[in-house]
Amino acid sequence: MTDRYVTLSDSFAEIVILRSRFLAYVYHVESEEECAEKLAALRKKYYDATHVCYAYCADIEGRTIRFSDDGEPSSTAGAPILSVITKGGWRQVLIAVVRYFGGTKLGAGGLVRAYTDAAVKAAEAAEETEMRLCTVYYAETDYNTFARLSAAVPRMGGSMTNVCYGEGVSFETVFPKGEDRTAALADLTGGKTKFIQRGDRYEIYRA
C-alpha cells in the first residue's frame, strides 16, 4: 500500500478548434463503477455529441487504468488523455472530453493535440491534493483539555476530525502513519485522555 498519492478535484474547461468544440471534464473518482456513472451522465447530457472520449486511473496504486477513443481514429483521443493523467502522476482521476464536430477534419496529429490540450486545460483548472496514509485515534475528553489538544496536535504534525460536542468532546486525531504522537498528547493531559487506535485511512496532507 502506497503511503501517499496525488489526486485532482472536479473541474471543467472548453477549447474550440476549427469550430469543433472540446468540452473537458475532470472528476475525482474512487472506483471503476463511479467512472461508469460519470461517463453515463455525460453521454446522457451530451446525447448529440460526436464523441465522448476518456481515460482514467481509478485506484491509488495506478493499476486500474482504462481509456477509450469512442470512435475517433485509434490512439488519437483516449491515449493522449491518459498521457496527461500519467504525466501528472494523479490517482483516482477520470478525464473525459466531449467533442462536437465542427465540419473540418483535424487529422490524427490535430486530434492528439486537441484532446491533449483540452485535458491539460481542465487539469490546470482543478485543485491538486496530496493524500497521505494516516493512522486514526479516537478519544474523549473535557472542553478545557480539548482546547489544549487542539493547539498541540497541529504543532505535532497531526490533525483533528469528526469532532462531536456534548457533555464532553469526542474526536479523532490523525497522524501520518509511523508518526504517532499520541503518547506525548496523553502526557500533556496528565494521562486523563486515552487515545484508541482505529486503523489507517487516507487523509488530505497539509504540510
# chains A, B, ... in the order shown; residues from 1 in each chain; ligands from 1
>>> residues_around(residues="Tyr56 (chain A)", least_positions_apart="4", cutoff="9 Å", atoms="only C-alpha atoms", output="number ranges by chain")
A: 29, 32, 35, 64-67, 81-82, 85, 91-96
>>> select_by_dssp(residues="region 4-202 of chain A", states="strand (DSSP E or B)", output="PyMOL selection string")
chain A and resi 4-8+11-17+20-28+51-57+65-68+90+93-100+128-141+159-165+169-176+196-202
>>> closest_residue(among="A:Ala123, A:His51, A:Ser75, A:Ser11", to="Ala108 (chain A)", atoms="only C-alpha atoms")
A:Ser75
>>> atom_distance(atom1="CA of Ser170 (chain A)", atom2="CA of Gln197 (chain A)")
13.9 Å
>>> residues_around(residues="Ile15 (chain A)", least_positions_apart="5", cutoff="9 Å", atoms="only C-alpha atoms", output="PyMOL selection string")
chain A and resi 20-24+114+117-118+121
>>> write_last_selection(atoms="N, CA, C and O atoms", output="PDB file, in the first residue's frame")
ATOM      1  N   SER A  20     -14.749  22.867 -34.059  1.00  0.00           N
ATOM      2  CA  SER A  20     -15.021  21.695 -33.224  1.00  0.00           C
ATOM      3  C   SER A  20     -14.881  22.097 -31.759  1.00  0.00           C
ATOM      4  O   SER A  20     -13.884  22.726 -31.377  1.00  0.00           O
ATOM      5  N   ARG A  21     -15.871  21.749 -30.965  1.00  0.00           N
ATOM      6  CA  ARG A  21     -15.844  22.060 -29.536  1.00  0.00           C
ATOM      7  C   ARG A  21     -15.364  20.839 -28.755  1.00  0.00           C
ATOM      8  O   ARG A  21     -15.835  19.714 -28.992  1.00  0.00           O
ATOM      9  N   PHE A  22     -14.462  21.075 -27.826  1.00  0.00           N
ATOM     10  CA  PHE A  22     -13.949  20.023 -26.952  1.00  0.00           C
ATOM     11  C   PHE A  22     -14.243  20.427 -25.507  1.00  0.00           C
ATOM     12  O   PHE A  22     -13.662  21.388 -25.000  1.00  0.00           O
ATOM     13  N   LEU A  23     -15.159  19.718 -24.873  1.00  0.00           N
ATOM     14  CA  LEU A  23     -15.571  20.017 -23.510  1.00  0.00           C
ATOM     15  C   LEU A  23     -14.904  18.997 -22.590  1.00  0.00           C
ATOM     16  O   LEU A  23     -15.215  17.797 -22.636  1.00  0.00           O
ATOM     17  N   ALA A  24     -13.998  19.457 -21.765  1.00  0.00           N
ATOM     18  CA  ALA A  24     -13.187  18.551 -20.944  1.00  0.00           C
ATOM     19  C   ALA A  24     -13.613  18.615 -19.480  1.00  0.00           C
ATOM     20  O   ALA A  24     -13.712  19.696 -18.902  1.00  0.00           O
ATOM     21  N   ALA A 114      -5.514  18.348 -29.890  1.00  0.00           N
ATOM     22  CA  ALA A 114      -6.765  18.894 -29.364  1.00  0.00           C
ATOM     23  C   ALA A 114      -7.181  18.203 -28.077  1.00  0.00           C
ATOM     24  O   ALA A 114      -7.520  18.862 -27.078  1.00  0.00           O
ATOM     25  N   ASP A 117      -4.659  19.104 -25.322  1.00  0.00           N
ATOM     26  CA  ASP A 117      -4.816  20.479 -24.841  1.00  0.00           C
ATOM     27  C   ASP A 117      -6.066  20.635 -23.980  1.00  0.00           C
ATOM     28  O   ASP A 117      -6.051  21.337 -22.959  1.00  0.00           O
ATOM     29  N   ALA A 118      -7.162  19.991 -24.393  1.00  0.00           N
ATOM     30  CA  ALA A 118      -8.403  20.086 -23.614  1.00  0.00           C
ATOM     31  C   ALA A 118      -8.224  19.451 -22.238  1.00  0.00           C
ATOM     32  O   ALA A 118      -8.633  20.017 -21.217  1.00  0.00           O
ATOM     33  N   LYS A 121      -5.933  21.650 -20.051  1.00  0.00           N
ATOM     34  CA  LYS A 121      -6.604  22.869 -19.585  1.00  0.00           C
ATOM     35  C   LYS A 121      -7.556  22.560 -18.433  1.00  0.00           C
ATOM     36  O   LYS A 121      -7.620  23.316 -17.450  1.00  0.00           O
TER      37      LYS A 121
END
